[in-house]
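Content type PDB, C-alpha atoms, from the file protein02.pdb:
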ATOM      1  CA  MET A   1     -21.319-209.799   4.927
ATOM      2  CA  LYS A   2     -19.075-207.944   2.489
ATOM      3  CA  LYS A   3     -18.964-208.932  -1.138
ATOM      4  CA  ASN A   4     -15.716-209.869  -2.829
ATOM      5  CA  ILE A   5     -14.362-208.198  -5.919
ATOM      6  CA  CYS A   6     -11.560-209.810  -7.893
ATOM      7  CA  VAL A   7      -8.877-207.580  -9.369
ATOM      8  CA  PHE A   8      -6.631-208.551 -12.258
ATOM      9  CA  GLY A   9      -3.561-206.401 -12.777
ATOM     10  CA  GLY A  10       0.118-206.459 -13.540
ATOM     11  CA  SER A  11       2.808-207.854 -11.284
ATOM     12  CA  VAL A  12       4.707-204.683 -12.211
ATOM     13  CA  SER A  13       3.456-201.100 -12.332
ATOM     14  CA  GLY A  14       4.646-200.163 -15.788
ATOM     15  CA  LYS A  15       6.477-197.000 -16.769
ATOM     16  CA  GLU A  16       3.888-194.407 -15.744
ATOM     17  CA  LYS A  17       3.581-193.246 -12.124
ATOM     18  CA  ALA A  18      -0.120-192.761 -12.884
ATOM     19  CA  ASN A  19      -0.469-196.574 -12.781
ATOM     20  CA  GLU A  20       0.655-196.649  -9.143
ATOM     21  CA  ASP A  21      -1.734-193.835  -8.273
ATOM     22  CA  LEU A  22      -4.534-195.699 -10.064
ATOM     23  CA  ALA A  23      -3.858-198.951  -8.192
ATOM     24  CA  ASN A  24      -3.869-197.135  -4.843
ATOM     25  CA  LEU A  25      -7.084-195.292  -5.723
ATOM     26  CA  VAL A  26      -8.816-198.486  -6.861
ATOM     27  CA  GLY A  27      -7.832-200.256  -3.616
ATOM     28  CA  GLN A  28      -9.078-197.340  -1.538
ATOM     29  CA  THR A  29     -12.347-197.183  -3.496
ATOM     30  CA  ILE A  30     -12.929-200.924  -3.137
ATOM     31  CA  ALA A  31     -12.499-200.673   0.647
ATOM     32  CA  GLU A  32     -14.542-197.485   1.030
ATOM     33  CA  ASN A  33     -17.420-199.085  -0.872
ATOM     34  CA  ASN A  34     -17.553-202.017   1.547
ATOM     35  CA  PHE A  35     -15.924-204.718  -0.571
ATOM     36  CA  ASP A  36     -13.174-207.183   0.197
ATOM     37  CA  LEU A  37     -10.538-208.093  -2.367
ATOM     38  CA  VAL A  38      -9.692-211.352  -4.107
ATOM     39  CA  PHE A  39      -6.534-211.195  -6.191
ATOM     40  CA  GLY A  40      -3.578-213.167  -7.488
ATOM     41  CA  GLY A  41      -1.641-212.886  -4.223
ATOM     42  CA  GLY A  42       1.407-211.075  -5.587
ATOM     43  CA  GLU A  43       3.052-208.408  -3.488
ATOM     44  CA  SER A  44       4.531-206.405  -6.330
ATOM     45  CA  GLY A  45       3.200-204.124  -9.037
ATOM     46  CA  MET A  46      -0.455-203.300  -9.532
ATOM     47  CA  MET A  47      -1.605-206.329  -7.535
ATOM     48  CA  GLY A  48       0.454-205.467  -4.478
ATOM     49  CA  LEU A  49      -0.500-201.802  -4.582
ATOM     50  CA  VAL A  50      -4.230-202.540  -4.806
ATOM     51  CA  ALA A  51      -3.997-205.096  -1.993
ATOM     52  CA  SER A  52      -2.007-202.904   0.388
ATOM     53  CA  SER A  53      -4.347-199.990  -0.315
ATOM     54  CA  CYS A  54      -7.392-202.173   0.388
ATOM     55  CA  ILE A  55      -5.924-203.241   3.724
ATOM     56  CA  ARG A  56      -4.882-199.686   4.590
ATOM     57  CA  TYR A  57      -8.512-198.560   4.107
ATOM     58  CA  GLY A  58     -10.081-201.447   6.033
ATOM     59  CA  ALA A  59     -10.840-204.203   3.529
ATOM     60  CA  LYS A  60      -9.751-207.798   3.891
ATOM     61  CA  THR A  61      -7.815-209.437   1.081
ATOM     62  CA  THR A  62      -7.602-212.996  -0.123
ATOM     63  CA  GLY A  63      -4.539-213.710  -2.202
ATOM     64  CA  ILE A  64      -4.685-216.878  -4.265
ATOM     65  CA  ILE A  65      -1.364-218.006  -5.645
ATOM     66  CA  PRO A  66       0.076-221.205  -7.111
ATOM     67  CA  ASP A  67       2.900-222.667  -5.063
ATOM     68  CA  PHE A  68       5.544-222.141  -7.766
ATOM     69  CA  PHE A  69       4.920-218.355  -7.643
ATOM     70  CA  ILE A  70       5.847-218.213  -3.970
ATOM     71  CA  LYS A  71       9.464-218.959  -4.857
ATOM     72  CA  GLU A  72       9.444-216.605  -7.887
ATOM     73  CA  ASP A  73       7.678-213.647  -6.247
ATOM     74  CA  ASN A  74       9.343-214.052  -2.852
ATOM     75  CA  ILE A  75       5.980-213.851  -1.148
ATOM     76  CA  ASN A  76       6.610-212.936   2.458
ATOM     77  CA  ILE A  77       4.210-215.250   4.246
ATOM     78  CA  LYS A  78       5.712-214.204   7.603
ATOM     79  CA  PHE A  79       4.020-210.784   7.280
ATOM     80  CA  PRO A  80       0.809-211.517   5.374
ATOM     81  CA  ASN A  81      -1.281-208.576   6.564
ATOM     82  CA  LYS A  82       0.539-206.033   4.408
ATOM     83  CA  PHE A  83      -0.833-207.651   1.241
ATOM     84  CA  ASN A  84      -2.797-210.796   2.088
ATOM     85  CA  THR A  85      -5.221-210.981   4.999
ATOM     86  CA  LYS A  86      -5.594-214.580   3.896
ATOM     87  CA  LEU A  87      -3.293-216.431   1.503
ATOM     88  CA  ILE A  88      -4.497-219.533  -0.340
ATOM     89  CA  ILE A  89      -1.854-221.622  -2.081
ATOM     90  CA  THR A  90      -2.945-223.745  -5.045
ATOM     91  CA  GLU A  91      -1.165-226.399  -7.087
ATOM     92  CA  THR A  92      -1.879-224.927 -10.528
ATOM     93  CA  MET A  93      -2.759-221.704 -12.295
ATOM     94  CA  HIS A  94      -6.088-223.259 -13.311
ATOM     95  CA  ASP A  95      -6.935-223.960  -9.653
ATOM     96  CA  ARG A  96      -5.945-220.397  -8.805
ATOM     97  CA  LYS A  97      -8.178-218.832 -11.441
ATOM     98  CA  ARG A  98     -11.141-221.094 -10.659
ATOM     99  CA  LEU A  99     -10.976-220.133  -6.975
ATOM    100  CA  MET A 100     -10.629-216.443  -7.821
ATOM    101  CA  TYR A 101     -13.702-216.618 -10.060
ATOM    102  CA  ASN A 102     -15.770-218.645  -7.602
ATOM    103  CA  LYS A 103     -14.994-216.415  -4.610
ATOM    104  CA  SER A 104     -15.867-213.158  -6.378
ATOM    105  CA  GLU A 105     -19.075-211.324  -7.221
ATOM    106  CA  ALA A 106     -17.399-209.093  -9.821
ATOM    107  CA  PHE A 107     -14.090-208.422 -11.562
ATOM    108  CA  LEU A 108     -11.954-205.369 -12.248
ATOM    109  CA  VAL A 109      -9.218-205.351 -14.886
ATOM    110  CA  LEU A 110      -6.377-202.903 -14.251
ATOM    111  CA  PRO A 111      -3.388-202.246 -16.488
ATOM    112  CA  GLY A 112      -1.212-205.297 -16.864
ATOM    113  CA  GLY A 113       0.429-207.644 -19.308
ATOM    114  CA  ILE A 114      -0.275-211.004 -20.856
ATOM    115  CA  GLY A 115      -1.376-212.597 -17.561
ATOM    116  CA  THR A 116      -3.920-209.831 -17.003
ATOM    117  CA  LEU A 117      -5.178-210.260 -20.575
ATOM    118  CA  ASP A 118      -5.457-214.024 -20.010
ATOM    119  CA  GLU A 119      -7.581-213.512 -16.908
ATOM    120  CA  CYS A 120      -9.702-210.835 -18.585
ATOM    121  CA  PHE A 121     -10.406-212.911 -21.678
ATOM    122  CA  GLU A 122     -11.044-216.043 -19.648
ATOM    123  CA  VAL A 123     -13.803-214.405 -17.573
ATOM    124  CA  LEU A 124     -15.259-212.861 -20.755
ATOM    125  CA  THR A 125     -15.196-216.306 -22.385
ATOM    126  CA  TRP A 126     -16.806-217.895 -19.337
ATOM    127  CA  CYS A 127     -19.553-215.249 -19.516
ATOM    128  CA  GLN A 128     -20.081-215.992 -23.202
ATOM    129  CA  LEU A 129     -20.320-219.718 -22.425
ATOM    130  CA  ASN A 130     -22.698-219.003 -19.520
ATOM    131  CA  LEU A 131     -20.236-220.506 -17.017
ATOM    132  CA  ILE A 132     -20.140-217.206 -15.109
ATOM    133  CA  LYS A 133     -23.558-215.679 -14.550
ATOM    134  CA  ASN A 134     -24.554-212.313 -13.148
ATOM    135  CA  LYS A 135     -21.019-211.174 -12.385
ATOM    136  CA  ASN A 136     -19.955-207.773 -13.628
ATOM    137  CA  ILE A 137     -16.610-207.124 -15.292
ATOM    138  CA  GLY A 138     -15.151-203.642 -15.248
ATOM    139  CA  ILE A 139     -12.187-202.677 -17.413
ATOM    140  CA  ILE A 140     -10.416-199.799 -15.649
ATOM    141  CA  ASN A 141      -9.423-197.391 -18.416
ATOM    142  CA  PHE A 142      -8.834-194.082 -16.598
ATOM    143  CA  ASN A 143      -5.764-193.111 -18.609
ATOM    144  CA  GLY A 144      -6.551-194.847 -21.908
ATOM    145  CA  TYR A 145      -4.299-197.853 -21.273
ATOM    146  CA  TRP A 146      -6.938-200.286 -22.526
ATOM    147  CA  ASN A 147      -8.044-198.226 -25.578
ATOM    148  CA  PRO A 148      -6.293-200.698 -27.957
ATOM    149  CA  LEU A 149      -8.044-203.619 -26.208
ATOM    150  CA  ILE A 150     -11.486-202.017 -26.537
ATOM    151  CA  ALA A 151     -10.724-201.263 -30.216
ATOM    152  CA  LEU A 152      -9.617-204.878 -30.743
ATOM    153  CA  ILE A 153     -12.822-206.268 -29.228
ATOM    154  CA  LYS A 154     -14.898-203.969 -31.454
ATOM    155  CA  ASN A 155     -12.842-205.029 -34.487
ATOM    156  CA  ILE A 156     -13.423-208.700 -33.675
ATOM    157  CA  ILE A 157     -17.153-207.964 -33.654
ATOM    158  CA  ASN A 158     -16.955-205.892 -36.857
ATOM    159  CA  GLN A 159     -15.095-208.734 -38.573
ATOM    160  CA  GLY A 160     -17.828-211.211 -37.584
ATOM    161  CA  PHE A 161     -15.809-213.335 -35.148
ATOM    162  CA  MET A 162     -17.853-212.387 -32.098
ATOM    163  CA  ASN A 163     -21.429-211.370 -31.466
ATOM    164  CA  SER A 164     -21.988-207.778 -30.368
ATOM    165  CA  LYS A 165     -23.880-209.023 -27.283
ATOM    166  CA  ASN A 166     -20.424-209.774 -25.827
ATOM    167  CA  LEU A 167     -20.047-206.024 -25.266
ATOM    168  CA  ASN A 168     -22.682-206.449 -22.542
ATOM    169  CA  TYR A 169     -20.342-208.620 -20.472
ATOM    170  CA  PHE A 170     -18.081-205.751 -19.438
ATOM    171  CA  GLU A 171     -18.119-202.060 -18.680
ATOM    172  CA  GLU A 172     -15.374-199.651 -19.599
ATOM    173  CA  ILE A 173     -14.650-197.563 -16.498
ATOM    174  CA  LYS A 174     -13.018-194.259 -17.392
ATOM    175  CA  ASP A 175     -13.101-192.371 -14.084
ATOM    176  CA  ILE A 176     -13.647-192.661 -10.345
ATOM    177  CA  GLU A 177     -17.358-191.831 -10.518
ATOM    178  CA  LEU A 178     -17.952-194.651 -13.014
ATOM    179  CA  LEU A 179     -15.995-196.996 -10.718
ATOM    180  CA  LYS A 180     -18.204-196.060  -7.764
ATOM    181  CA  LYS A 181     -21.316-196.566  -9.912
ATOM    182  CA  PHE A 182     -19.992-199.977 -11.044
ATOM    183  CA  LEU A 183     -19.383-201.018  -7.422
ATOM    184  CA  ASN A 184     -22.818-199.796  -6.325
ATOM    185  CA  ASN A 185     -24.471-201.984  -8.984
ATOM    186  CA  ILE A 186     -22.940-205.236  -7.717
TER     187      ILE A 186
END
Once you've parsed the file, please lay out its structure as structure tokens.
Amino acid sequence: MKKNICVFGGSVSGKEKANEDLANLVGQTIAENNFDLVFGGGESGMMGLVASSCIRYGAKTTGIIPDFFIKEDNINIKFPNKFNTKLIITETMHDRKRLMYNKSEAFLVLPGGIGTLDECFEVLTWCQLNLIKNKNIGIINFNGYWNPLIALIKNIINQGFMNSKNLNYFEEIKDIELLKKFLNNI
């Protein structure tokens, strides 16, 4: 049975074309390394690109989305196989995130905005509180997008607001070889 990896990423692709290329490469790499995808269910931006790439390269995807997003994102549930092999609709964002966390063996954080940061920090917090155990978190930082985030986390530690052991809860992934190594260690 394939393992599931959860991807957090923007509902838009940002200004740089490199973000689109990254999302497609991550989806391809997930599929080629025998994983299926769990994600937020959106068909646009980084999420949609990763999902469609996963499907294109043979992985199954499970999109988990709260019902109010279906109206906002115009999710096309008539043609689910382009983005969502399976689509699960939840009542709340909290239900969505809990299901995403429970259905996944590991997490990847791609470029994104405040929602991506929320998901990233929530899984890091759950690791710190021992609510998530033995699940790897990889922060995809191929093009330096997350450099300010990594610096912020180190500053929080340096300022005494977080223990340095929290650095053990995630890996910074700077290139495709490190991504493959991360996937092989799940």
Can you pull out every residue within 10 Å of Cys54 (chain A), counting all atoms listed in the file, but drop anything in the same chain fewer than 3 positions away, and send it as a VMD selection string?
chain A and resid 23 to 32 35 to 37 48 to 51 57 to 61 82 to 84
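This file, queried with the PyMOL selection byres ((chain A and resi 166) around 12), gives the residues Phe121, Val123, Leu124, Thr125, Trp126, Cys127, Gln128, Leu129, Asn130, Ile137, Ile150, Ile153, Lys154, Ile156, Ile157, Phe161, Met162, Asn163, Ser164, Lys165, Leu167, Asn168, Tyr169, Phe170 and Glu171 of chain A.
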Give me the residues within 7 Å of region 99-111 of chain A as number ranges by chain, counting all atoms listed in the file and dropping any in the same chain fewer than 4 places off.
A: 3-10, 38-39, 64, 95, 120, 135-140, 145
Just the number, please: distance in Å from CA of Asn155 (chain A) to CA of Glu172 (chain A), one decimal.
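According to the coordinates, CA of Asn155 (chain A) and CA of Glu172 (chain A) are separated by 16.0 Å.
Minimum atom-to-atom distances from A:Leu87, A:Ala18, A:Ile186, A:Ile70 to Lys2 (chain A) were compared using all atoms listed in the file, and the lowest value belongs to A:Ile186.
For the pair CA of Gly113 (chain A) and CA of Leu149 (chain A), the interatomic distance is 11.6 Å.
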If you measure from CA of Pro66 (chain A) to CA of Trp146 (chain A), what distance in Å do you get, rounded to one decimal?
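Those two atoms sit 26.9 Å apart.
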Proximity to Asn134 (chain A) - best of A:Asn185, A:Asn34, A:Asp175, A:Asn158, all atoms listed in the file
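Among A:Asn185, A:Asn34, A:Asp175, A:Asn158, it is A:Asn185 that comes nearest to Asn134 (chain A).
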Will you model all heavy atoms for region 31-42 of chain A and pass it back as a PDB file, in the frame of the given file?
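Below is the file result.pdb, written as the result:
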ATOM      1  N   ALA A  31     -12.297-200.617  -0.807  1.00  0.00           N
ATOM      2  CA  ALA A  31     -12.499-200.673   0.647  1.00  0.00           C
ATOM      3  C   ALA A  31     -13.597-199.716   1.104  1.00  0.00           C
ATOM      4  O   ALA A  31     -14.458-200.086   1.908  1.00  0.00           O
ATOM      5  CB  ALA A  31     -11.189-200.365   1.359  1.00  0.00           C
ATOM      6  N   GLU A  32     -13.565-198.497   0.603  1.00  0.00           N
ATOM      7  CA  GLU A  32     -14.542-197.485   1.030  1.00  0.00           C
ATOM      8  C   GLU A  32     -15.960-197.797   0.568  1.00  0.00           C
ATOM      9  O   GLU A  32     -16.914-197.251   1.105  1.00  0.00           O
ATOM     10  CB  GLU A  32     -14.120-196.105   0.537  1.00  0.00           C
ATOM     11  CG  GLU A  32     -12.904-195.562   1.286  1.00  0.00           C
ATOM     12  CD  GLU A  32     -12.412-194.230   0.762  1.00  0.00           C
ATOM     13  OE1 GLU A  32     -12.832-193.809  -0.345  1.00  0.00           O
ATOM     14  OE2 GLU A  32     -11.581-193.607   1.460  1.00  0.00           O
ATOM     15  N   ASN A  33     -16.091-198.678  -0.407  1.00  0.00           N
ATOM     16  CA  ASN A  33     -17.420-199.085  -0.872  1.00  0.00           C
ATOM     17  C   ASN A  33     -17.825-200.446  -0.324  1.00  0.00           C
ATOM     18  O   ASN A  33     -18.684-201.115  -0.882  1.00  0.00           O
ATOM     19  CB  ASN A  33     -17.474-199.045  -2.404  1.00  0.00           C
ATOM     20  CG  ASN A  33     -17.607-197.630  -2.906  1.00  0.00           C
ATOM     21  OD1 ASN A  33     -18.711-197.128  -3.068  1.00  0.00           O
ATOM     22  ND2 ASN A  33     -16.487-196.950  -3.109  1.00  0.00           N
ATOM     23  N   ASN A  34     -17.164-200.847   0.762  1.00  0.00           N
ATOM     24  CA  ASN A  34     -17.553-202.017   1.547  1.00  0.00           C
ATOM     25  C   ASN A  34     -17.375-203.353   0.819  1.00  0.00           C
ATOM     26  O   ASN A  34     -18.211-204.243   0.935  1.00  0.00           O
ATOM     27  CB  ASN A  34     -18.996-201.861   2.051  1.00  0.00           C
ATOM     28  CG  ASN A  34     -19.242-202.682   3.296  1.00  0.00           C
ATOM     29  OD1 ASN A  34     -18.344-202.862   4.116  1.00  0.00           O
ATOM     30  ND2 ASN A  34     -20.455-203.177   3.452  1.00  0.00           N
ATOM     31  N   PHE A  35     -16.277-203.463   0.075  1.00  0.00           N
ATOM     32  CA  PHE A  35     -15.924-204.718  -0.571  1.00  0.00           C
ATOM     33  C   PHE A  35     -14.633-205.246   0.027  1.00  0.00           C
ATOM     34  O   PHE A  35     -13.810-204.480   0.529  1.00  0.00           O
ATOM     35  CB  PHE A  35     -15.695-204.525  -2.083  1.00  0.00           C
ATOM     36  CG  PHE A  35     -16.953-204.369  -2.867  1.00  0.00           C
ATOM     37  CD1 PHE A  35     -17.528-203.118  -3.019  1.00  0.00           C
ATOM     38  CD2 PHE A  35     -17.555-205.470  -3.448  1.00  0.00           C
ATOM     39  CE1 PHE A  35     -18.695-202.970  -3.745  1.00  0.00           C
ATOM     40  CE2 PHE A  35     -18.720-205.321  -4.176  1.00  0.00           C
ATOM     41  CZ  PHE A  35     -19.295-204.072  -4.327  1.00  0.00           C
ATOM     42  N   ASP A  36     -14.456-206.557  -0.063  1.00  0.00           N
ATOM     43  CA  ASP A  36     -13.174-207.183   0.197  1.00  0.00           C
ATOM     44  C   ASP A  36     -12.577-207.586  -1.145  1.00  0.00           C
ATOM     45  O   ASP A  36     -13.276-207.648  -2.159  1.00  0.00           O
ATOM     46  CB  ASP A  36     -13.327-208.403   1.114  1.00  0.00           C
ATOM     47  CG  ASP A  36     -13.612-208.005   2.561  1.00  0.00           C
ATOM     48  OD1 ASP A  36     -13.137-206.929   2.996  1.00  0.00           O
ATOM     49  OD2 ASP A  36     -14.304-208.769   3.256  1.00  0.00           O
ATOM     50  N   LEU A  37     -11.285-207.857  -1.135  1.00  0.00           N
ATOM     51  CA  LEU A  37     -10.538-208.093  -2.367  1.00  0.00           C
ATOM     52  C   LEU A  37     -10.126-209.559  -2.506  1.00  0.00           C
ATOM     53  O   LEU A  37      -9.653-210.168  -1.552  1.00  0.00           O
ATOM     54  CB  LEU A  37      -9.275-207.221  -2.370  1.00  0.00           C
ATOM     55  CG  LEU A  37      -8.306-207.416  -3.530  1.00  0.00           C
ATOM     56  CD1 LEU A  37      -8.908-206.859  -4.823  1.00  0.00           C
ATOM     57  CD2 LEU A  37      -6.972-206.733  -3.234  1.00  0.00           C
ATOM     58  N   VAL A  38     -10.287-210.077  -3.702  1.00  0.00           N
ATOM     59  CA  VAL A  38      -9.692-211.352  -4.107  1.00  0.00           C
ATOM     60  C   VAL A  38      -8.734-211.001  -5.233  1.00  0.00           C
ATOM     61  O   VAL A  38      -9.079-210.246  -6.143  1.00  0.00           O
ATOM     62  CB  VAL A  38     -10.758-212.350  -4.603  1.00  0.00           C
ATOM     63  CG1 VAL A  38     -10.111-213.598  -5.183  1.00  0.00           C
ATOM     64  CG2 VAL A  38     -11.716-212.704  -3.473  1.00  0.00           C
ATOM     65  N   PHE A  39      -7.514-211.523  -5.160  1.00  0.00           N
ATOM     66  CA  PHE A  39      -6.534-211.195  -6.191  1.00  0.00           C
ATOM     67  C   PHE A  39      -5.497-212.295  -6.283  1.00  0.00           C
ATOM     68  O   PHE A  39      -5.538-213.263  -5.540  1.00  0.00           O
ATOM     69  CB  PHE A  39      -5.890-209.818  -5.914  1.00  0.00           C
ATOM     70  CG  PHE A  39      -4.875-209.801  -4.801  1.00  0.00           C
ATOM     71  CD1 PHE A  39      -3.547-209.524  -5.075  1.00  0.00           C
ATOM     72  CD2 PHE A  39      -5.231-210.062  -3.490  1.00  0.00           C
ATOM     73  CE1 PHE A  39      -2.597-209.488  -4.066  1.00  0.00           C
ATOM     74  CE2 PHE A  39      -4.302-210.031  -2.477  1.00  0.00           C
ATOM     75  CZ  PHE A  39      -2.976-209.751  -2.764  1.00  0.00           C
ATOM     76  N   GLY A  40      -4.560-212.130  -7.194  1.00  0.00           N
ATOM     77  CA  GLY A  40      -3.578-213.167  -7.488  1.00  0.00           C
ATOM     78  C   GLY A  40      -2.513-213.390  -6.440  1.00  0.00           C
ATOM     79  O   GLY A  40      -1.662-214.254  -6.616  1.00  0.00           O
ATOM     80  N   GLY A  41      -2.524-212.629  -5.354  1.00  0.00           N
ATOM     81  CA  GLY A  41      -1.641-212.886  -4.223  1.00  0.00           C
ATOM     82  C   GLY A  41      -0.275-212.248  -4.303  1.00  0.00           C
ATOM     83  O   GLY A  41       0.473-212.270  -3.333  1.00  0.00           O
ATOM     84  N   GLY A  42       0.080-211.667  -5.437  1.00  0.00           N
ATOM     85  CA  GLY A  42       1.407-211.075  -5.587  1.00  0.00           C
ATOM     86  C   GLY A  42       1.564-209.797  -4.782  1.00  0.00           C
ATOM     87  O   GLY A  42       0.617-209.049  -4.586  1.00  0.00           O
TER      88      GLY A  42
END
